[in-house]
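Shown next: protein.tsv, containing TSV, C-alpha atoms and all ligand atoms.
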```tsv
chain	number	residue	atom	x	y	z
S	578	MET	CA	-10.76	-3.78	55.72
S	579	LYS	CA	-8.63	-1.75	53.40
S	580	LYS	CA	-6.61	-4.82	52.53
S	581	LEU	CA	-9.77	-6.72	51.69
S	582	LYS	CA	-10.87	-3.91	49.38
S	583	VAL	CA	-7.54	-4.03	47.56
S	584	LEU	CA	-7.78	-7.81	47.29
S	585	LEU	CA	-11.29	-7.55	45.90
S	586	LEU	CA	-10.11	-4.96	43.39
S	587	VAL	CA	-7.22	-7.18	42.30
S	588	MET	CA	-9.62	-10.09	41.92
S	589	LEU	CA	-11.99	-7.93	39.89
S	590	ILE	CA	-9.20	-6.83	37.53
S	591	PHE	CA	-8.21	-10.48	37.18
S	592	ALA	CA	-11.77	-11.48	36.37
S	593	ILE	CA	-12.02	-8.70	33.76
S	594	ASN	CA	-8.79	-9.86	32.21
S	595	ILE	CA	-10.03	-13.43	32.05
S	596	VAL	CA	-13.25	-12.29	30.38
S	597	ASP	CA	-11.21	-10.05	28.07
S	598	PHE	CA	-9.01	-12.91	27.05
S	599	LYS	CA	-11.97	-14.93	25.80
S	600	SER	CA	-11.59	-15.09	22.04
S	601	GLU	CA	-14.20	-13.99	19.52
S	602	VAL	CA	-17.61	-15.59	19.83
S	603	SER	CA	-18.26	-18.23	17.22
S	604	ALA	CA	-21.56	-18.93	15.57
S	605	LYS	CA	-23.81	-21.59	17.02
S	606	THR	CA	-25.78	-22.83	14.03
S	607	ILE	CA	-25.28	-23.30	10.31
S	608	ALA	CA	-27.94	-20.62	9.82
S	609	GLU	CA	-25.77	-18.18	11.78
S	610	LEU	CA	-22.68	-19.21	9.81
S	611	ARG	CA	-24.62	-18.48	6.63
S	612	GLU	CA	-25.61	-15.08	8.04
S	613	GLU	CA	-21.91	-14.35	8.71
S	614	LEU	CA	-21.09	-15.46	5.18
S	615	ARG	CA	-23.79	-13.16	3.79
S	616	LYS	CA	-22.26	-10.22	5.69
S	617	MET	CA	-18.81	-11.05	4.31
S	618	GLU	CA	-20.25	-11.12	0.81
S	619	GLU	CA	-21.88	-7.74	1.41
S	620	GLU	CA	-18.57	-6.38	2.62
S	621	GLU	CA	-16.91	-7.76	-0.51
S	622	GLU	CA	-19.51	-6.05	-2.69
S	623	GLN	CA	-19.02	-2.75	-0.85
S	624	ASN	CA	-15.26	-3.10	-1.22
S	625	ASN	CA	-15.58	-3.80	-4.95
S	626	SER	CA	-17.73	-0.71	-5.39
S	627	ASN	CA	-15.13	1.33	-3.45
S	628	ILE	CA	-12.45	0.02	-5.79
S	629	ALA	CA	-14.53	0.97	-8.82
S	630	LYS	CA	-15.14	4.44	-7.39
S	631	THR	CA	-11.45	5.01	-6.70
S	632	GLU	CA	-10.54	3.77	-10.16
S	633	ALA	CA	-13.04	6.15	-11.77
S	634	GLU	CA	-11.57	9.01	-9.75
S	635	ILE	CA	-8.04	8.07	-10.82
S	636	GLU	CA	-9.23	7.91	-14.44
S	637	SER	CA	-10.80	11.38	-14.29
S	638	ILE	CA	-7.64	12.89	-12.74
S	639	LYS	CA	-5.53	11.23	-15.40
S	640	ASN	CA	-7.73	12.83	-18.07
S	641	LYS	CA	-7.23	16.22	-16.44
S	642	VAL	CA	-3.48	15.61	-16.38
S	643	SER	CA	-3.33	14.81	-20.08
S	644	ALA	CA	-5.50	17.85	-20.88
S	645	ASN	CA	-3.07	19.95	-18.86
S	646	TYR	CA	-0.13	18.44	-20.71
S	647	ALA	CA	-1.76	19.42	-24.01
S	648	THR	CA	-2.24	22.99	-22.74
S	649	ILE	CA	1.34	23.18	-21.47
S	650	ASP	CA	2.50	21.93	-24.84
S	651	GLN	CA	0.49	24.64	-26.63
S	652	ILE	CA	1.85	27.33	-24.29
S	653	THR	CA	5.41	26.18	-24.91
S	654	LYS	CA	4.77	26.49	-28.65
S	655	ASP	CA	3.24	29.97	-28.15
S	656	ILE	CA	6.28	31.09	-26.17
S	657	ILE	CA	8.58	29.88	-28.96
S	658	LYS	CA	6.42	31.80	-31.46
S	659	LYS	CA	6.68	34.97	-29.37
S	660	ASP	CA	10.45	34.51	-29.21
S	661	GLU	CA	10.58	34.20	-32.98
S	662	GLU	CA	8.45	37.33	-33.36
S	663	ILE	CA	10.77	39.25	-31.07
S	664	VAL	CA	13.86	38.11	-32.99
S	665	SER	CA	12.31	39.05	-36.29
S	666	LEU	CA	11.25	42.47	-34.97
S	667	GLU	CA	14.73	43.08	-33.62
S	668	GLU	CA	16.16	42.24	-37.03
S	669	ASP	CA	13.70	44.62	-38.68
S	670	ILE	CA	14.67	47.37	-36.25
S	671	LYS	CA	18.34	46.82	-36.94
S	672	GLU	CA	17.68	46.96	-40.65
S	673	LYS	CA	15.55	50.11	-40.41
S	674	ASP	CA	18.11	51.68	-38.14
S	675	GLU	CA	20.88	50.96	-40.60
S	676	THR	CA	18.87	52.25	-43.52
S	677	THR	CA	18.11	55.44	-41.63
S	678	LYS	CA	21.72	55.87	-40.57
S	679	LYS	CA	22.91	55.29	-44.14
S	680	LEU	CA	20.37	57.75	-45.44
S	681	MET	CA	21.28	60.28	-42.77
S	682	SER	CA	24.96	59.95	-43.30
S	683	SER	CA	24.62	60.32	-47.05
S	684	LEU	CA	22.29	63.29	-46.56
S	685	GLN	CA	24.18	65.00	-43.73
S	686	ALA	CA	27.66	64.47	-45.01
S	687	THR	CA	29.74	67.62	-44.45
S	688	ASN	CA	31.24	67.11	-47.85
S	689	GLY	CA	29.94	69.98	-50.00
S	690	ASN	CA	29.41	67.46	-52.78
S	691	SER	CA	27.06	65.40	-50.64
S	692	PHE	CA	23.85	64.28	-52.16
S	693	TYR	CA	21.74	65.99	-49.49
S	694	ILE	CA	23.29	69.36	-49.95
S	695	GLU	CA	23.28	68.98	-53.72
S	696	TYR	CA	19.69	67.83	-53.59
S	697	LEU	CA	18.56	70.67	-51.34
S	698	PHE	CA	20.44	73.37	-53.12
S	699	GLY	CA	19.57	71.99	-56.48
S	700	ALA	CA	16.10	73.42	-55.88
S	701	ASP	CA	15.09	75.85	-58.56
S	702	SER	CA	12.62	77.82	-56.39
S	703	ILE	CA	11.85	78.37	-52.72
S	704	THR	CA	8.75	76.15	-53.05
S	705	ASP	CA	10.89	73.39	-54.52
S	706	PHE	CA	13.44	73.88	-51.73
S	707	ILE	CA	10.76	73.52	-49.01
S	708	TYR	CA	9.38	70.50	-50.78
S	709	ARG	CA	12.80	68.82	-51.04
S	710	TYR	CA	13.52	69.65	-47.38
S	711	SER	CA	10.24	68.15	-46.16
S	712	ILE	CA	10.79	64.93	-48.18
S	713	THR	CA	14.09	64.21	-46.43
S	714	GLU	CA	12.52	65.10	-43.08
S	715	GLN	CA	9.65	62.73	-43.71
S	716	ILE	CA	11.86	59.81	-44.64
S	717	THR	CA	13.84	59.99	-41.37
S	718	THR	CA	10.77	60.68	-39.19
S	719	TYR	CA	8.95	57.79	-40.81
S	720	ASN	CA	11.82	55.39	-40.07
S	721	GLU	CA	12.11	56.63	-36.49
S	722	ARG	CA	8.39	56.16	-35.91
S	723	LEU	CA	8.59	52.67	-37.38
S	724	ILE	CA	11.36	51.78	-34.94
S	725	VAL	CA	9.33	53.09	-32.00
S	726	GLU	CA	6.35	51.04	-33.13
S	727	MET	CA	8.45	47.91	-33.49
S	728	ASN	CA	9.95	48.44	-30.04
S	729	GLU	CA	6.42	48.69	-28.69
S	730	MET	CA	5.58	45.41	-30.40
S	731	ILE	CA	8.61	43.79	-28.77
S	732	GLU	CA	7.47	45.04	-25.40
S	733	GLU	CA	4.01	43.64	-26.02
S	734	ALA	CA	5.47	40.27	-27.07
S	735	ASN	CA	7.63	40.18	-23.95
S	736	GLN	CA	4.59	40.98	-21.79
S	737	LYS	CA	2.65	38.17	-23.46
S	738	LYS	CA	5.60	35.85	-22.90
S	739	ILE	CA	5.60	36.62	-19.17
S	740	GLU	CA	1.89	35.86	-18.99
S	741	LEU	CA	2.39	32.57	-20.83
S	742	LYS	CA	5.23	31.58	-18.54
S	743	GLU	CA	3.10	32.33	-15.47
S	744	LYS	CA	0.30	30.22	-16.88
S	745	GLN	CA	2.80	27.47	-17.63
S	746	GLN	CA	4.13	27.59	-14.06
S	747	GLU	CA	0.64	27.44	-12.65
S	748	LEU	CA	-0.18	24.41	-14.77
S	749	ASN	CA	3.06	22.66	-13.80
S	750	LYS	CA	2.17	23.18	-10.14
S	751	GLN	CA	-1.31	21.81	-10.80
S	752	GLN	CA	0.25	18.76	-12.49
S	753	GLU	CA	2.31	18.09	-9.37
S	754	GLU	CA	-0.77	18.28	-7.19
S	755	LEU	CA	-2.71	16.00	-9.51
S	756	SER	CA	0.06	13.47	-9.66
S	757	ALA	CA	0.22	13.47	-5.83
S	758	GLN	CA	-3.53	12.82	-5.83
S	759	ILE	CA	-3.08	9.92	-8.23
S	760	THR	CA	-0.37	8.42	-6.01
S	761	GLU	CA	-2.58	8.73	-2.95
S	762	LEU	CA	-5.58	7.17	-4.68
S	763	THR	CA	-3.45	4.39	-6.13
S	764	ASN	CA	-2.12	3.60	-2.65
S	765	SER	CA	-5.59	3.49	-1.17
S	766	ASN	CA	-6.69	1.27	-4.05
S	767	VAL	CA	-3.84	-1.14	-3.33
S	768	LYS	CA	-5.13	-1.34	0.25
S	769	LEU	CA	-8.67	-1.97	-1.01
S	770	TYR	CA	-7.40	-4.76	-3.27
S	771	GLU	CA	-5.57	-6.33	-0.32
S	772	LEU	CA	-8.72	-6.10	1.78
S	773	GLY	CA	-10.60	-7.68	-1.13
S	774	THR	CA	-8.18	-10.61	-1.19
S	775	THR	CA	-8.59	-11.10	2.56
S	776	ILE	CA	-12.39	-11.01	2.31
S	777	GLU	CA	-12.26	-13.39	-0.65
S	778	ASP	CA	-10.18	-15.87	1.38
S	779	GLU	CA	-12.53	-15.55	4.35
S	780	ILE	CA	-15.56	-16.19	2.14
S	781	LYS	CA	-13.92	-19.24	0.59
S	782	ASN	CA	-13.05	-20.61	4.02
S	783	ALA	CA	-16.49	-19.86	5.51
S	784	LYS	CA	-18.07	-21.83	2.66
S	785	GLN	CA	-15.76	-24.80	3.35
S	786	VAL	CA	-16.61	-24.73	7.07
S	787	ILE	CA	-20.36	-24.61	6.35
S	788	GLN	CA	-19.95	-27.52	3.97
S	789	MET	CA	-18.15	-29.56	6.65
S	790	TYR	CA	-21.01	-29.10	9.11
S	791	VAL	CA	-23.56	-29.87	6.39
S	792	ASP	CA	-21.60	-33.02	5.48
S	793	ALA	CA	-21.56	-33.97	9.19
S	794	GLY	CA	-25.36	-33.99	9.01
S	795	CYS	CA	-25.92	-30.89	11.18
S	796	GLY	CA	-29.34	-29.29	10.74
S	797	GLU	CA	-29.72	-25.60	9.85
S	798	HIS	CA	-30.65	-24.56	13.42
S	799	GLU	CA	-28.86	-27.24	15.41
S	800	ASP	CA	-26.05	-26.27	17.82
S	801	ILE	CA	-23.03	-27.09	15.67
S	802	LYS	CA	-20.79	-27.80	18.64
S	803	VAL	CA	-23.16	-30.50	19.89
S	804	CYS	CA	-23.80	-31.83	16.42
S	805	ALA	CA	-20.13	-31.86	15.37
S	806	ASN	CA	-18.84	-33.10	18.71
S	807	LYS	CA	-17.68	-36.36	17.20
S	808	LEU	CA	-16.64	-34.76	13.94
S	809	LEU	CA	-12.95	-34.37	13.25
S	810	PRO	CA	-12.46	-33.21	9.67
S	811	SER	CA	-9.75	-35.13	7.88
S	812	ASP	CA	-6.96	-33.92	5.69
S	813	THR	CA	-4.23	-35.48	3.58
S	814	LYS	CA	-1.25	-33.37	4.62
S	815	PHE	CA	0.03	-30.50	6.74
S	816	TRP	CA	0.53	-26.97	5.42
S	817	ARG	CA	2.81	-24.14	6.53
S	818	PRO	CA	0.95	-21.86	9.00
S	819	PHE	CA	2.25	-18.57	7.46
S	820	ASP	CA	2.09	-17.25	3.92
S	821	THR	CA	5.69	-16.10	4.28
S	822	GLY	CA	8.29	-16.70	6.93
S	823	TYR	CA	11.48	-18.41	8.02
S	824	VAL	CA	12.57	-20.79	10.77
S	825	THR	CA	14.29	-19.02	13.68
S	826	SER	CA	14.79	-21.99	16.03
S	827	GLU	CA	14.73	-25.71	15.32
S	828	TYR	CA	13.10	-28.59	17.17
S	829	GLY	CA	15.44	-30.45	19.56
S	830	TYR	CA	17.82	-29.91	22.48
S	831	ARG	CA	18.57	-26.27	23.23
S	832	ASN	CA	20.60	-24.40	25.85
S	833	ALA	CA	18.81	-22.09	28.24
S	834	ILE	CA	17.92	-18.68	26.79
S	835	TYR	CA	18.28	-15.58	28.97
S	836	VAL	CA	17.54	-11.95	28.23
S	837	GLY	CA	19.65	-10.18	30.84
S	838	ASP	CA	18.87	-12.06	34.04
S	839	LYS	CA	15.49	-13.20	32.85
S	840	LEU	CA	15.11	-16.86	31.92
S	841	ILE	CA	13.20	-17.06	28.64
S	842	SER	CA	13.53	-20.77	28.10
S	843	SER	CA	15.26	-23.42	30.18
S	844	ALA	CA	17.79	-25.87	28.78
S	845	GLY	CA	16.18	-29.00	27.41
S	846	ILE	CA	14.17	-30.11	24.46
S	847	HIS	CA	12.64	-27.33	22.40
S	848	GLU	CA	9.52	-29.31	21.60
S	849	GLY	CA	8.48	-27.28	18.59
S	850	ILE	CA	9.85	-25.10	15.83
S	851	ASP	CA	9.96	-21.28	15.93
S	852	ILE	CA	8.99	-19.34	12.84
S	853	SER	CA	8.78	-15.63	12.18
S	854	ASN	CA	8.58	-12.84	9.60
S	855	GLY	CA	8.61	-9.05	9.70
S	856	LEU	CA	4.84	-8.65	9.99
S	857	GLY	CA	4.58	-8.68	13.79
S	858	THR	CA	1.05	-8.82	15.15
S	859	LYS	CA	-0.34	-8.24	11.64
S	860	ASN	CA	0.75	-11.73	10.59
S	861	PRO	CA	-2.20	-14.15	10.39
S	862	ILE	CA	-1.66	-17.72	11.58
S	863	TYR	CA	-3.48	-20.44	9.68
S	864	SER	CA	-4.29	-23.88	11.01
S	865	VAL	CA	-1.68	-26.31	9.63
S	866	ALA	CA	-4.48	-28.63	8.43
S	867	ASN	CA	-8.25	-29.14	8.61
S	868	GLY	CA	-9.25	-29.95	12.16
S	869	LYS	CA	-11.05	-28.90	15.31
S	870	VAL	CA	-10.04	-26.47	18.06
S	871	ALA	CA	-9.38	-28.62	21.16
S	872	ALA	CA	-8.11	-26.08	23.68
S	873	ILE	CA	-7.36	-22.38	24.16
S	874	TRP	CA	-5.42	-21.18	27.19
S	875	TYR	CA	-2.81	-18.75	28.53
S	876	ASP	CA	0.27	-19.38	30.65
S	877	ARG	CA	3.35	-17.34	31.46
S	878	TRP	CA	5.64	-19.44	29.23
S	879	GLY	CA	3.65	-19.89	26.05
S	880	GLY	CA	1.35	-16.85	26.38
S	881	ASN	CA	-1.83	-17.18	24.33
S	882	GLN	CA	-2.00	-20.77	23.10
S	883	ILE	CA	-4.25	-23.00	21.10
S	884	THR	CA	-4.28	-26.71	20.28
S	885	ILE	CA	-6.02	-28.12	17.23
S	886	HIS	CA	-6.84	-31.80	16.61
S	887	HIS	CA	-6.28	-33.29	13.16
S	888	LYS	CA	-6.89	-36.52	11.33
S	889	ILE	CA	-4.27	-36.88	8.60
S	890	ASN	CA	-4.72	-39.94	6.41
S	891	GLY	CA	-6.54	-41.67	9.25
S	892	LYS	CA	-3.89	-40.89	11.91
S	893	SER	CA	-4.61	-38.41	14.69
S	894	TYR	CA	-2.31	-35.47	15.52
S	895	SER	CA	-2.41	-32.27	17.53
S	896	SER	CA	-0.88	-28.97	16.52
S	897	SER	CA	-0.14	-26.44	19.27
S	898	TYR	CA	0.58	-22.73	18.73
S	899	ALA	CA	2.14	-20.38	21.29
S	900	HIS	CA	2.98	-16.67	21.91
S	901	MET	CA	-0.05	-15.51	19.87
S	902	SER	CA	-1.13	-11.85	20.15
S	903	LYS	CA	-4.74	-12.73	19.43
S	904	ILE	CA	-6.85	-15.86	18.97
S	905	THR	CA	-9.76	-15.60	16.55
S	906	VAL	CA	-11.47	-18.99	16.91
S	907	SER	CA	-13.01	-20.69	19.93
S	908	LYS	CA	-12.94	-24.16	21.43
S	909	GLY	CA	-14.95	-26.68	19.42
S	910	ASP	CA	-14.73	-24.70	16.16
S	911	ILE	CA	-14.05	-26.65	13.03
S	912	VAL	CA	-11.21	-25.09	11.05
S	913	THR	CA	-9.79	-25.66	7.61
S	914	LYS	CA	-6.19	-25.18	6.60
S	915	ASP	CA	-7.29	-21.70	5.41
S	916	THR	CA	-8.88	-20.60	8.69
S	917	ILE	CA	-7.04	-17.76	10.39
S	918	ILE	CA	-6.86	-19.01	13.98
S	919	GLY	CA	-5.14	-15.89	15.31
S	920	TYR	CA	-2.15	-13.58	14.93
S	921	MET	CA	1.55	-13.79	15.67
S	922	GLY	CA	2.69	-12.23	18.92
S	923	ALA	CA	5.25	-12.27	21.71
S	924	THR	CA	2.97	-13.12	24.66
S	925	GLY	CA	4.36	-15.22	27.50
S	926	SER	CA	8.11	-15.74	27.51
S	927	ALA	CA	9.35	-14.64	24.11
S	928	THR	CA	12.30	-12.58	22.87
S	929	GLY	CA	10.39	-11.27	19.85
S	930	TYR	CA	7.39	-11.78	17.58
S	931	HIS	CA	7.29	-15.42	16.50
S	932	LEU	CA	5.15	-18.51	16.46
S	933	HIS	CA	6.19	-21.55	18.43
S	934	LEU	CA	4.56	-24.44	16.59
S	935	ALA	CA	4.56	-27.96	18.00
S	936	ILE	CA	3.07	-31.11	16.56
S	937	SER	CA	2.34	-34.15	18.69
S	938	THR	CA	0.86	-37.51	17.78
S	939	GLY	CA	-2.56	-38.45	19.17
S	940	LEU	CA	-5.17	-36.06	20.58
S	941	ARG	CA	-3.61	-33.73	23.17
S	942	PHE	CA	-5.91	-32.89	26.13
S	943	THR	CA	-8.18	-35.82	25.18
S	944	GLU	CA	-5.81	-38.80	25.16
S	945	TYR	CA	-3.04	-37.20	27.30
S	946	SER	CA	-2.53	-33.86	29.00
S	947	GLY	CA	0.57	-33.72	31.24
S	948	TYR	CA	3.49	-31.69	29.89
S	949	SER	CA	6.02	-34.57	29.84
S	950	ALA	CA	3.49	-36.93	28.23
S	951	TYR	CA	2.95	-34.24	25.61
S	952	VAL	CA	6.67	-33.54	25.03
S	953	ALA	CA	7.32	-37.27	24.63
S	954	ARG	CA	4.78	-37.34	21.80
S	955	THR	CA	6.06	-34.30	19.96
S	956	VAL	CA	7.75	-34.81	16.61
S	957	ASN	CA	9.98	-32.49	14.62
S	958	PRO	CA	7.46	-30.40	12.63
S	959	ARG	CA	9.92	-30.53	9.71
S	960	ASN	CA	9.07	-34.25	9.36
S	961	LEU	CA	5.44	-33.37	8.64
S	962	ILE	CA	5.49	-29.82	7.27
S	963	ASN	CA	7.63	-28.81	4.34
S	964	PHE	CA	9.79	-25.88	5.47
S	965	PRO	CA	12.75	-24.78	3.31
S	966	SER	CA	16.00	-26.02	4.87
S	967	ARG	CA	17.18	-22.41	4.93
S	968	GLY	CA	15.84	-19.01	3.88
S	969	SER	CA	12.21	-18.01	3.67
S	970	TRP	CA	9.17	-19.37	1.92
S	971	SER	CA	6.76	-17.15	0.03
S	972	ASP	CA	3.52	-19.14	-0.04
S	973	ARG	CA	1.98	-22.14	1.70
S	974	VAL	CA	2.05	-24.42	-1.34
S	975	HIS	CA	5.51	-24.39	-2.97
S	976	TYR	CA	7.49	-27.55	-2.22
S	977	TYR	CA	11.11	-27.03	-1.10
S	978	LYS	CA	13.61	-29.87	-1.56
S	1001	ZN	ZN	9.82	-22.18	20.47
```
Let me see whether you can do it: turn the structure in this file into structure tokens.
Ligand SMILES: [Zn+2]
Amino acid sequence: MKKLKVLLLVMLIFAINIVDFKSEVSAKTIAELREELRKMEEEEEQNNSNIAKTEAEIESIKNKVSANYATIDQITKDIIKKDEEIVSLEEDIKEKDETTKKLMSSLQATNGNSFYIEYLFGADSITDFIYRYSITEQITTYNERLIVEMNEMIEEANQKKIELKEKQQELNKQQEELSAQITELTNSNVKLYELGTTIEDEIKNAKQVIQMYVDAGCGEHEDIKVCANKLLPSDTKFWRPFDTGYVTSEYGYRNAIYVGDKLISSAGIHEGIDISNGLGTKNPIYSVANGKVAAIWYDRWGGNQITIHHKINGKSYSSSYAHMSKITVSKGDIVTKDTIIGYMGATGSATGYHLHLAISTGLRFTEYSGYSAYVARTVNPRNLINFPSRGSWSDRVHYYK
């Protein structure tokens, strides 16, 4: 009984996994595709308004920063002015001090012939003497008071300078904070722009898909899978499935690959080409040409896989993709070369994130389905898709010799 319960539980988990694996639901009618398109356009509008908002915010912070710079500039000038004032006061003090000293020394000279003594004792009455005495007193007191006042002014200027420097420091700190804010906003705006580009591509592709169904004569509310059953959109060439990437393993005979004791791939023909880049599961995989999704499945070798049928210049082909982390289309969907069919992964038997891409002639799973029949029909993808002979490519269009 207990064993049965465990078995049932295992089966249940399995069933959940199978349901989980089912890729995203696709729309059934052109009307629904149009509704999806409308939502994408709304999202684009929202994104554009977010970009505008962020840009306005950046602009206002930049204005604050330049206002602060102007203030800092003014403060720097004020500090210089205070310094000049202090220097000039110090010079005045020195001068006054010297004058006083000179006066004092000439007045207080011990020499009996000194001017001070002569002046004082040259008085012709006691009143005159007191008068002469008070004059000399006043001159020295006046100079001393002047020096005290000037020293006070220096103190005041120094105090002001400290205040200005504090203000300057505060503003410099504020500038740092503002510039950090600008960096943050600029980064988030870059992300918004990237999102905008993605949405733009999705909108463009959704329009193409709708047009294909319309051209196939599907009505607005007809089930597109029924209506487009016979439809296989044609194309004139194959395109690279990544925006950027490089070839990591070529088509053809290959020795067995082991990681430790684990067999990753047995010796024999590697029936496709492996491509990769540093983006991991973030890397979108595009269909290599216009076509229709023929099969989606999982097995322990290729992981999440998908096969797409194509008609290139009247000849039929199948492209098969393996090790995907996620599949974003479903069986029967019409795709264009710009449709993201899923994301790169390392599911199944894989040593790292990459796409195993195989191209076979004829319609796989319709005209043939056994593995050896399929392998016999595979061709080197390099014969049909332009990959650089070495190094990476940086878009899907550039032609490498
Ligand atoms: Zn491979």
- Message: Distance limit 12 Å, reference ligand ZN 1001 (chain S), atoms considered: only C-alpha atoms and all ligand atoms. Which residues make the cut? Give them as a PyMOL selection string.
- Response: chain S and resi 824-831+833-834+841-843+845-853+878-880+897-901+923+925-936+957-958
- Sphere at (6.5, 35.6, -28.1), radius 12 Å, counting only C-alpha atoms: residues as a PyMOL selection string: chain S and resi 652-666+730-742
- Message: Taking (-21.0, -16.4, 2.9) as a centre in this file's frame and 12 Å as the limit, can you find every polymer residue with an atom that close, using all atoms listed in the file, and give them as an MDAnalysis selection string?
- Response: chainID S and resid 607:622 776:788
- Out of S:Glu668, S:Asp812, S:Glu797, S:Asp910, which residue has the shortest atom-to-atom distance to Ile724 in chain S when counting only C-alpha atoms? S:Glu668
Could you list, with a cut-off of 12 Å and counting all atoms listed in the file, the residues of range 607-716 of chain S near range 757-771 of chain S, each shown with its nearest atom pair and the distance in Å rounded to one decimal, rows sorted by chain and ascending number, as JSON lines?
```
{"residue": "S:Glu620", "atom": "CA", "partner": "S:Leu769", "partner_atom": "CA", "distance": 11.4}
{"residue": "S:Glu621", "atom": "CA", "partner": "S:Leu769", "partner_atom": "CA", "distance": 10.1}
{"residue": "S:Glu622", "atom": "CA", "partner": "S:Leu769", "partner_atom": "CA", "distance": 11.7}
{"residue": "S:Gln623", "atom": "CA", "partner": "S:Leu769", "partner_atom": "CA", "distance": 10.4}
{"residue": "S:Asn624", "atom": "CA", "partner": "S:Leu769", "partner_atom": "CA", "distance": 6.7}
{"residue": "S:Asn625", "atom": "CA", "partner": "S:Leu769", "partner_atom": "CA", "distance": 8.2}
{"residue": "S:Ser626", "atom": "CA", "partner": "S:Leu769", "partner_atom": "CA", "distance": 10.1}
{"residue": "S:Asn627", "atom": "CA", "partner": "S:Leu769", "partner_atom": "CA", "distance": 7.7}
{"residue": "S:Ile628", "atom": "CA", "partner": "S:Asn766", "partner_atom": "CA", "distance": 6.1}
{"residue": "S:Ala629", "atom": "CA", "partner": "S:Asn766", "partner_atom": "CA", "distance": 9.2}
{"residue": "S:Lys630", "atom": "CA", "partner": "S:Asn766", "partner_atom": "CA", "distance": 9.6}
{"residue": "S:Thr631", "atom": "CA", "partner": "S:Leu762", "partner_atom": "CA", "distance": 6.6}
{"residue": "S:Glu632", "atom": "CA", "partner": "S:Asn766", "partner_atom": "CA", "distance": 7.6}
{"residue": "S:Ala633", "atom": "CA", "partner": "S:Leu762", "partner_atom": "CA", "distance": 10.3}
{"residue": "S:Glu634", "atom": "CA", "partner": "S:Leu762", "partner_atom": "CA", "distance": 8.1}
{"residue": "S:Ile635", "atom": "CA", "partner": "S:Ile759", "partner_atom": "CA", "distance": 5.9}
{"residue": "S:Glu636", "atom": "CA", "partner": "S:Ile759", "partner_atom": "CA", "distance": 9.0}
{"residue": "S:Ser637", "atom": "CA", "partner": "S:Ile759", "partner_atom": "CA", "distance": 9.9}
{"residue": "S:Ile638", "atom": "CA", "partner": "S:Ile759", "partner_atom": "CA", "distance": 7.1}
{"residue": "S:Lys639", "atom": "CA", "partner": "S:Ile759", "partner_atom": "CA", "distance": 7.7}
{"residue": "S:Asn640", "atom": "CA", "partner": "S:Ile759", "partner_atom": "CA", "distance": 11.3}
{"residue": "S:Lys641", "atom": "CA", "partner": "S:Ile759", "partner_atom": "CA", "distance": 11.1}
{"residue": "S:Val642", "atom": "CA", "partner": "S:Ile759", "partner_atom": "CA", "distance": 9.9}
```
- Task: Tell me which of S:Ile712, S:Leu755, S:Met727, S:Met921 sits closest to Gly822 in chain S, counting all atoms listed in the file.
- Result: S:Met921
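Distances from S:Leu840, S:Ile911, S:Ile873, S:Leu809 to Lys888 in chain S were compared using all atoms listed in the file, and the smallest one belongs to S:Leu809.
Between CA of Arg817 in chain S and CA of Ser907 in chain S the interatomic distance comes to 21.0 Å.
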- Hey, can you check how far CA of Arg959 in chain S sits from CA of Tyr977 in chain S? 11.4 Å
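Atom pair CA of Tyr696 in chain S / CA of Val725 in chain S: separated by 28.1 Å.
Comparing S:Val836, S:Leu680, S:Val974, S:Cys795 by their smallest distance to Ile962 in chain S, the closest is S:Val974 (using all atoms listed in the file).
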- Message: I need the residue nearest Thr938 in chain S from this list: S:Tyr951, S:Tyr719, S:Phe964, S:Tyr920. Use only C-alpha atoms for the distance.
- Response: S:Tyr951
